[in-house]
Amino acid sequence: MFQDWRTRVVLIFLSGLIVLFIVAPIAGMLLQTSAAEYMGAISDPEVGSSIRLTLFASMGATLIFGLLAIPLAYVLARKNFPLRGLVNGLIDLPVVIPHSAAGIALLGVISRNTLVGQAGEQVGIQFVGGIAGIVVAMAFVSLPFAINAARDGFAAVPEKLEKAALNLGASPARVFFSISLPLAKRNVISGLAMMWARGLSEFGAIIIIAYHPMVTPVLIWERFASFGLSYARPVAAVFILVCLTIFILMRLLTKTRYHVRN
């Protein structure tokens with residue numbers, strides 16, 4: 001009994017220490033920002049513009065690249081093929097490499113002297129110094145979250161259900177959309193939410209590709225580098241509050257819909 005009590009104390013202490021490590025810096029910054037500073041940041045047109053750009057660019061990256069990646073996640077969960085392990089490793093590569101290096105690598109694909117860059121300019125899409133480049137950078141660094149979560153969700157779907165539907169005459173496409181995807185829906189949505197959230201925080205790859213127009217992480221860095229902590233902190237505090245609010249709402253809506261339908 002004494003040992004169990006000591007174990008509980010150690011677990012509570014260590015858990016509380018980790019939670020404090022995560023919460024304390026954020027709470028400290030939010031509390032150190034005065035009401036006047038909050039109002040000044042909220043009323044600043046540059047701050048508002050950067051927050052809107054960041055939110056919509058990350059959402060665009062998620063809707064375009066995240067949804068396109070769902071079939072790949074299904075293939076990785078269901079199919080055995082040569083070099084499957086290599087593909088899984090390559091998917092995690094953007095998480096491992098420095099994001100400034102990721103931005104430089106992306107420039108080799110989407111800069112103006114590349115085929116992709118030239119093709120984009122012909123249809124009016126500018127990657128370097130444009131919103132399209134921001135979307136690509138966000139998608140590159142955040143895709144692993146969506147793919148890995150969706151892959152785990154599809155892997156958890158009983159394969160015998162899919163085989164039974166196929167034996168009854170359903171097409172592979174119908175099996176995917178009526179059985180596999182609905183049962184893996186929670187993981188897929190969670191992965192897309194994490195991808196969107198990760199895109200919001202991207203800095204290194206974006207600043208290489210598109211310093212302007214400024215997303216909020218770049219704006220925070222620019223104000224800190226130019227004017228110091230007191231100018232950067234209100235923008236950071238407002239942006240964190242916006243992100244936390246939207247992220248919590250997304251989590252609650254996802255959880256509510258899941259419980260209602262189940």
# chains A, B, ... in the order shown; residues from 1 in each chain; ligands from 1

call {"tool": "residues_around", "arguments": {"residues": "A:Met29", "least_positions_apart": "6", "cutoff": "12 Å", "atoms": "only C-alpha atoms", "output": "PyMOL selection string"}}
result
chain A and resi 23+37-38+229-230+232-241

call {"tool": "closest_atom_pairs", "arguments": {"of": "stretch 29-140 of chain A", "to": "stretch 182-201 of chain A", "cutoff": "12 Å", "atoms": "only C-alpha atoms", "output": "CSV"}}
result
residue,atom,partner,partner_atom,distance
A:Ser50,CA,A:Leu200,CA,11.0
A:Ile51,CA,A:Leu200,CA,9.2
A:Arg52,CA,A:Leu200,CA,10.7
A:Leu53,CA,A:Leu200,CA,9.8
A:Thr54,CA,A:Leu200,CA,6.0
A:Leu55,CA,A:Leu200,CA,6.6
A:Phe56,CA,A:Leu200,CA,9.3
A:Ala57,CA,A:Gly199,CA,8.3
A:Ser58,CA,A:Gly199,CA,5.1
A:Met59,CA,A:Trp196,CA,5.9
A:Gly60,CA,A:Trp196,CA,8.7
A:Ala61,CA,A:Trp196,CA,7.6
A:Thr62,CA,A:Trp196,CA,5.6
A:Leu63,CA,A:Leu192,CA,8.2
A:Ile64,CA,A:Leu192,CA,10.8
A:Phe65,CA,A:Leu192,CA,9.8
A:Gly66,CA,A:Leu192,CA,6.4
A:Leu67,CA,A:Leu192,CA,8.1
A:Leu68,CA,A:Leu192,CA,11.2
A:Ala69,CA,A:Leu192,CA,10.2
A:Ile70,CA,A:Val188,CA,7.9
A:Pro71,CA,A:Val188,CA,11.2
A:Ala73,CA,A:Val188,CA,9.5
A:Tyr74,CA,A:Ala184,CA,9.8
A:Ala77,CA,A:Ala184,CA,11.2
A:Pro94,CA,A:Arg198,CA,11.9
A:Val95,CA,A:Arg198,CA,10.7
A:His99,CA,A:Ser201,CA,11.5
A:Ile134,CA,A:Gly199,CA,9.5
A:Val135,CA,A:Gly199,CA,8.5
A:Val136,CA,A:Gly199,CA,9.9
A:Ala137,CA,A:Gly199,CA,8.3
A:Met138,CA,A:Gly199,CA,4.7
A:Ala139,CA,A:Gly199,CA,6.8
A:Phe140,CA,A:Gly199,CA,8.9

call {"tool": "write_last_selection", "arguments": {"atoms": "N, CA and C atoms", "output": "compact mmCIF listing (two decimals), in the first residue's frame"}}
result
# COMPACT_ATOMS: atom_id res chain seq x y z
N SER A 50 -2.32 39.66 -41.16
CA SER A 50 -1.43 38.51 -41.08
C SER A 50 -2.13 37.30 -40.47
N ILE A 51 -2.99 37.53 -39.47
CA ILE A 51 -3.72 36.42 -38.85
C ILE A 51 -4.70 35.80 -39.85
N ARG A 52 -5.41 36.64 -40.58
CA ARG A 52 -6.34 36.10 -41.59
C ARG A 52 -5.60 35.32 -42.65
N LEU A 53 -4.46 35.83 -43.12
CA LEU A 53 -3.67 35.13 -44.12
C LEU A 53 -3.19 33.79 -43.58
N THR A 54 -2.72 33.77 -42.34
CA THR A 54 -2.21 32.54 -41.75
C THR A 54 -3.31 31.50 -41.62
N LEU A 55 -4.47 31.90 -41.14
CA LEU A 55 -5.58 30.97 -40.96
C LEU A 55 -6.04 30.38 -42.30
N PHE A 56 -6.24 31.23 -43.28
CA PHE A 56 -6.77 30.76 -44.55
C PHE A 56 -5.72 29.98 -45.36
N ALA A 57 -4.46 30.37 -45.28
CA ALA A 57 -3.42 29.63 -45.99
C ALA A 57 -3.26 28.22 -45.42
N SER A 58 -3.28 28.12 -44.10
CA SER A 58 -3.17 26.81 -43.48
C SER A 58 -4.39 25.96 -43.78
N MET A 59 -5.57 26.57 -43.77
CA MET A 59 -6.77 25.82 -44.12
C MET A 59 -6.73 25.37 -45.58
N GLY A 60 -6.22 26.24 -46.46
CA GLY A 60 -6.08 25.85 -47.86
C GLY A 60 -5.12 24.70 -48.04
N ALA A 61 -4.00 24.75 -47.34
CA ALA A 61 -3.02 23.66 -47.41
C ALA A 61 -3.63 22.35 -46.94
N THR A 62 -4.45 22.42 -45.89
CA THR A 62 -5.07 21.22 -45.34
C THR A 62 -6.11 20.65 -46.29
N LEU A 63 -6.96 21.52 -46.82
CA LEU A 63 -8.03 21.04 -47.70
C LEU A 63 -7.49 20.49 -49.02
N ILE A 64 -6.44 21.11 -49.54
CA ILE A 64 -5.90 20.66 -50.83
C ILE A 64 -5.02 19.42 -50.65
N PHE A 65 -3.96 19.57 -49.87
CA PHE A 65 -2.98 18.49 -49.77
C PHE A 65 -3.41 17.41 -48.79
N GLY A 66 -4.07 17.80 -47.70
CA GLY A 66 -4.51 16.80 -46.73
C GLY A 66 -5.52 15.84 -47.30
N LEU A 67 -6.52 16.38 -48.00
CA LEU A 67 -7.53 15.51 -48.60
C LEU A 67 -6.94 14.64 -49.71
N LEU A 68 -6.01 15.21 -50.49
CA LEU A 68 -5.37 14.42 -51.55
C LEU A 68 -4.52 13.29 -50.98
N ALA A 69 -4.08 13.43 -49.73
CA ALA A 69 -3.20 12.43 -49.13
C ALA A 69 -3.96 11.26 -48.52
N ILE A 70 -5.29 11.36 -48.41
CA ILE A 70 -6.06 10.28 -47.78
C ILE A 70 -5.93 8.96 -48.53
N PRO A 71 -6.00 8.93 -49.88
CA PRO A 71 -5.78 7.65 -50.57
C PRO A 71 -4.42 7.03 -50.28
N ALA A 73 -2.71 7.33 -47.53
CA ALA A 73 -2.80 6.77 -46.19
C ALA A 73 -3.49 5.41 -46.21
N TYR A 74 -4.53 5.28 -47.04
CA TYR A 74 -5.24 4.01 -47.14
C TYR A 74 -4.36 2.93 -47.75
N ALA A 77 -1.91 1.67 -45.28
CA ALA A 77 -2.52 0.87 -44.23
C ALA A 77 -2.93 -0.51 -44.71
N PRO A 94 9.75 15.47 -43.54
CA PRO A 94 9.59 16.90 -43.24
C PRO A 94 9.60 17.23 -41.76
N VAL A 95 9.29 16.24 -40.90
CA VAL A 95 9.31 16.48 -39.46
C VAL A 95 10.74 16.50 -38.94
N HIS A 99 13.41 23.20 -40.85
CA HIS A 99 12.41 23.77 -41.74
C HIS A 99 12.97 24.87 -42.64
N ILE A 134 3.28 30.09 -49.70
CA ILE A 134 3.00 29.88 -48.27
C ILE A 134 2.20 28.61 -48.07
N VAL A 135 1.21 28.39 -48.91
CA VAL A 135 0.38 27.19 -48.81
C VAL A 135 1.23 25.94 -49.01
N VAL A 136 2.10 25.96 -50.00
CA VAL A 136 2.97 24.81 -50.27
C VAL A 136 3.90 24.53 -49.09
N ALA A 137 4.49 25.59 -48.54
CA ALA A 137 5.40 25.43 -47.40
C ALA A 137 4.67 24.86 -46.19
N MET A 138 3.48 25.37 -45.91
CA MET A 138 2.69 24.84 -44.79
C MET A 138 2.34 23.38 -45.01
N ALA A 139 1.94 23.04 -46.23
CA ALA A 139 1.56 21.66 -46.52
C ALA A 139 2.75 20.72 -46.38
N PHE A 140 3.90 21.14 -46.84
CA PHE A 140 5.09 20.28 -46.82
C PHE A 140 5.46 19.86 -45.40

call {"tool": "residues_around", "arguments": {"residues": "A:Val87", "least_positions_apart": "6", "cutoff": "12 Å", "atoms": "only C-alpha atoms", "output": "PyMOL selection string"}}
result
chain A and resi 72-73+75-77+80-81+93+144+147-148

call {"tool": "closest_residue", "arguments": {"among": "A:Ala119, A:Val10, A:Leu143, A:Ala155", "to": "A:Leu90", "atoms": "only C-alpha atoms"}}
result
A:Leu143

call {"tool": "select_by_dssp", "arguments": {"residues": "stretch 177-208 of chain A", "states": "alpha helix (DSSP H)", "output": "ChimeraX atom specification"}}
result
/A:181-183,185-200,204-208

call {"tool": "closest_atom_pairs", "arguments": {"of": "stretch 117-223 of chain A", "to": "stretch 103-106 of chain A", "cutoff": "8 Å", "atoms": "only C-alpha atoms", "output": "JSON lines"}}
result
{"residue": "A:Ala137", "atom": "CA", "partner": "A:Gly103", "partner_atom": "CA", "distance": 6.8}
{"residue": "A:Gly204", "atom": "CA", "partner": "A:Gly103", "partner_atom": "CA", "distance": 6.9}
{"residue": "A:Ala205", "atom": "CA", "partner": "A:Gly103", "partner_atom": "CA", "distance": 3.8}
{"residue": "A:Ile206", "atom": "CA", "partner": "A:Gly103", "partner_atom": "CA", "distance": 6.6}
{"residue": "A:Ile207", "atom": "CA", "partner": "A:Gly103", "partner_atom": "CA", "distance": 7.8}
{"residue": "A:Ile208", "atom": "CA", "partner": "A:Gly103", "partner_atom": "CA", "distance": 5.4}
{"residue": "A:Ile209", "atom": "CA", "partner": "A:Gly103", "partner_atom": "CA", "distance": 6.2}

call {"tool": "residues_around", "arguments": {"residues": "A:Gly120", "least_positions_apart": "5", "cutoff": "10 Å", "atoms": "only C-alpha atoms", "output": "PyMOL selection string"}}
result
chain A and resi 110-112+114-115+125-127+132

call {"tool": "atom_distance", "arguments": {"atom1": "atom CA of A:Thr7", "atom2": "atom CA of A:Ile26"}}
result
29.4 Å

call {"tool": "atom_distance", "arguments": {"atom1": "atom CA of A:Asp92", "atom2": "atom CA of A:Gly133"}}
result
20.9 Å

call {"tool": "decode", "arguments": {"residues": "stretch 97-137 of chain A", "atoms": "N, CA and C atoms", "output": "mmCIF file, in the first residue's frame"}}
result
data_model
loop_
_atom_site.group_PDB
_atom_site.id
_atom_site.type_symbol
_atom_site.label_atom_id
_atom_site.label_comp_id
_atom_site.auth_asym_id
_atom_site.auth_seq_id
_atom_site.Cartn_x
_atom_site.Cartn_y
_atom_site.Cartn_z
ATOM 1 N N ILE A 97 13.811 17.121 -40.854
ATOM 2 C CA ILE A 97 14.776 18.082 -41.387
ATOM 3 C C ILE A 97 14.470 19.488 -40.878
ATOM 4 N N PRO A 98 15.491 20.341 -40.728
ATOM 5 C CA PRO A 98 15.249 21.734 -40.327
ATOM 6 C C PRO A 98 14.329 22.418 -41.336
ATOM 7 N N HIS A 99 13.409 23.204 -40.850
ATOM 8 C CA HIS A 99 12.409 23.772 -41.745
ATOM 9 C C HIS A 99 12.968 24.868 -42.641
ATOM 10 N N SER A 100 14.048 25.507 -42.219
ATOM 11 C CA SER A 100 14.697 26.434 -43.135
ATOM 12 C C SER A 100 15.284 25.671 -44.320
ATOM 13 N N ALA A 101 15.830 24.477 -44.039
ATOM 14 C CA ALA A 101 16.339 23.629 -45.117
ATOM 15 C C ALA A 101 15.193 23.150 -46.002
ATOM 16 N N ALA A 102 14.036 22.900 -45.403
ATOM 17 C CA ALA A 102 12.869 22.501 -46.190
ATOM 18 C C ALA A 102 12.463 23.618 -47.148
ATOM 19 N N GLY A 103 12.527 24.864 -46.673
ATOM 20 C CA GLY A 103 12.206 25.988 -47.546
ATOM 21 C C GLY A 103 13.152 26.097 -48.722
ATOM 22 N N ILE A 104 14.443 25.882 -48.458
ATOM 23 C CA ILE A 104 15.421 25.936 -49.542
ATOM 24 C C ILE A 104 15.190 24.791 -50.519
ATOM 25 N N ALA A 105 14.862 23.610 -49.998
ATOM 26 C CA ALA A 105 14.572 22.474 -50.869
ATOM 27 C C ALA A 105 13.353 22.746 -51.742
ATOM 28 N N LEU A 106 12.334 23.353 -51.162
ATOM 29 C CA LEU A 106 11.139 23.669 -51.940
ATOM 30 C C LEU A 106 11.421 24.688 -53.034
ATOM 31 N N LEU A 107 12.347 25.613 -52.769
ATOM 32 C CA LEU A 107 12.702 26.593 -53.793
ATOM 33 C C LEU A 107 13.237 25.916 -55.047
ATOM 34 N N GLY A 108 13.897 24.784 -54.851
ATOM 35 C CA GLY A 108 14.416 24.055 -56.009
ATOM 36 C C GLY A 108 13.332 23.457 -56.875
ATOM 37 N N VAL A 109 12.088 23.470 -56.385
ATOM 38 C CA VAL A 109 10.965 22.900 -57.130
ATOM 39 C C VAL A 109 10.000 23.970 -57.630
ATOM 40 N N ILE A 110 9.834 25.053 -56.846
ATOM 41 C CA ILE A 110 8.782 26.019 -57.180
ATOM 42 C C ILE A 110 9.317 27.411 -57.520
ATOM 43 N N SER A 111 10.641 27.595 -57.576
ATOM 44 C CA SER A 111 11.170 28.915 -57.932
ATOM 45 C C SER A 111 10.859 29.236 -59.391
ATOM 46 N N ARG A 112 11.090 30.486 -59.760
ATOM 47 C CA ARG A 112 10.665 30.965 -61.080
ATOM 48 C C ARG A 112 11.382 30.285 -62.242
ATOM 49 N N ASN A 113 12.558 29.737 -62.006
ATOM 50 C CA ASN A 113 13.293 29.102 -63.100
ATOM 51 C C ASN A 113 13.067 27.601 -63.165
ATOM 52 N N THR A 114 12.081 27.083 -62.434
ATOM 53 C CA THR A 114 11.761 25.656 -62.490
ATOM 54 C C THR A 114 10.507 25.446 -63.335
ATOM 55 N N LEU A 115 10.264 24.206 -63.719
ATOM 56 C CA LEU A 115 9.081 23.891 -64.526
ATOM 57 C C LEU A 115 7.799 24.213 -63.774
ATOM 58 N N VAL A 116 7.759 23.860 -62.480
ATOM 59 C CA VAL A 116 6.559 24.131 -61.686
ATOM 60 C C VAL A 116 6.351 25.632 -61.541
ATOM 61 N N GLY A 117 7.418 26.367 -61.253
ATOM 62 C CA GLY A 117 7.297 27.810 -61.106
ATOM 63 C C GLY A 117 6.857 28.487 -62.378
ATOM 64 N N GLN A 118 7.429 28.076 -63.499
ATOM 65 C CA GLN A 118 7.061 28.666 -64.778
ATOM 66 C C GLN A 118 5.629 28.321 -65.169
ATOM 67 N N ALA A 119 5.230 27.068 -64.890
ATOM 68 C CA ALA A 119 3.851 26.664 -65.184
ATOM 69 C C ALA A 119 2.874 27.446 -64.320
ATOM 70 N N GLY A 120 3.236 27.676 -63.074
ATOM 71 C CA GLY A 120 2.370 28.447 -62.200
ATOM 72 C C GLY A 120 2.210 29.876 -62.668
ATOM 73 N N GLU A 121 3.301 30.498 -63.093
ATOM 74 C CA GLU A 121 3.224 31.885 -63.551
ATOM 75 C C GLU A 121 2.394 32.015 -64.819
ATOM 76 N N GLN A 122 2.378 30.988 -65.640
ATOM 77 C CA GLN A 122 1.580 31.034 -66.862
ATOM 78 C C GLN A 122 0.084 31.064 -66.569
ATOM 79 N N VAL A 123 -0.305 30.503 -65.422
ATOM 80 C CA VAL A 123 -1.728 30.519 -65.060
ATOM 81 C C VAL A 123 -2.005 31.519 -63.942
ATOM 82 N N GLY A 124 -1.025 32.383 -63.661
ATOM 83 C CA GLY A 124 -1.231 33.439 -62.677
ATOM 84 C C GLY A 124 -0.965 33.058 -61.240
ATOM 85 N N ILE A 125 -0.244 31.955 -61.020
ATOM 86 C CA ILE A 125 0.083 31.518 -59.654
ATOM 87 C C ILE A 125 1.543 31.834 -59.374
ATOM 88 N N GLN A 126 1.787 32.621 -58.356
ATOM 89 C CA GLN A 126 3.148 32.998 -57.975
ATOM 90 C C GLN A 126 3.496 32.306 -56.659
ATOM 91 N N PHE A 127 4.510 31.456 -56.709
ATOM 92 C CA PHE A 127 4.910 30.719 -55.520
ATOM 93 C C PHE A 127 5.869 31.534 -54.651
ATOM 94 N N VAL A 128 6.965 31.994 -55.235
ATOM 95 C CA VAL A 128 7.959 32.751 -54.468
ATOM 96 C C VAL A 128 7.413 34.153 -54.205
ATOM 97 N N GLY A 129 7.270 34.508 -52.946
ATOM 98 C CA GLY A 129 6.701 35.794 -52.593
ATOM 99 C C GLY A 129 5.208 35.867 -52.800
ATOM 100 N N GLY A 130 4.544 34.721 -52.794
ATOM 101 C CA GLY A 130 3.098 34.702 -52.992
ATOM 102 C C GLY A 130 2.400 33.768 -52.017
ATOM 103 N N ILE A 131 1.089 33.875 -51.967
ATOM 104 C CA ILE A 131 0.299 33.051 -51.051
ATOM 105 C C ILE A 131 0.414 31.572 -51.412
ATOM 106 N N ALA A 132 0.515 31.270 -52.703
ATOM 107 C CA ALA A 132 0.644 29.870 -53.115
ATOM 108 C C ALA A 132 1.895 29.236 -52.520
ATOM 109 N N GLY A 133 2.981 29.981 -52.467
ATOM 110 C CA GLY A 133 4.203 29.462 -51.862
ATOM 111 C C GLY A 133 4.035 29.205 -50.372
ATOM 112 N N ILE A 134 3.283 30.089 -49.697
ATOM 113 C CA ILE A 134 3.005 29.884 -48.272
ATOM 114 C C ILE A 134 2.203 28.608 -48.070
ATOM 115 N N VAL A 135 1.209 28.389 -48.907
ATOM 116 C CA VAL A 135 0.380 27.187 -48.805
ATOM 117 C C VAL A 135 1.231 25.940 -49.009
ATOM 118 N N VAL A 136 2.105 25.958 -50.003
ATOM 119 C CA VAL A 136 2.966 24.808 -50.273
ATOM 120 C C VAL A 136 3.903 24.534 -49.094
ATOM 121 N N ALA A 137 4.492 25.593 -48.538
ATOM 122 C CA ALA A 137 5.398 25.425 -47.398
ATOM 123 C C ALA A 137 4.666 24.856 -46.191
#
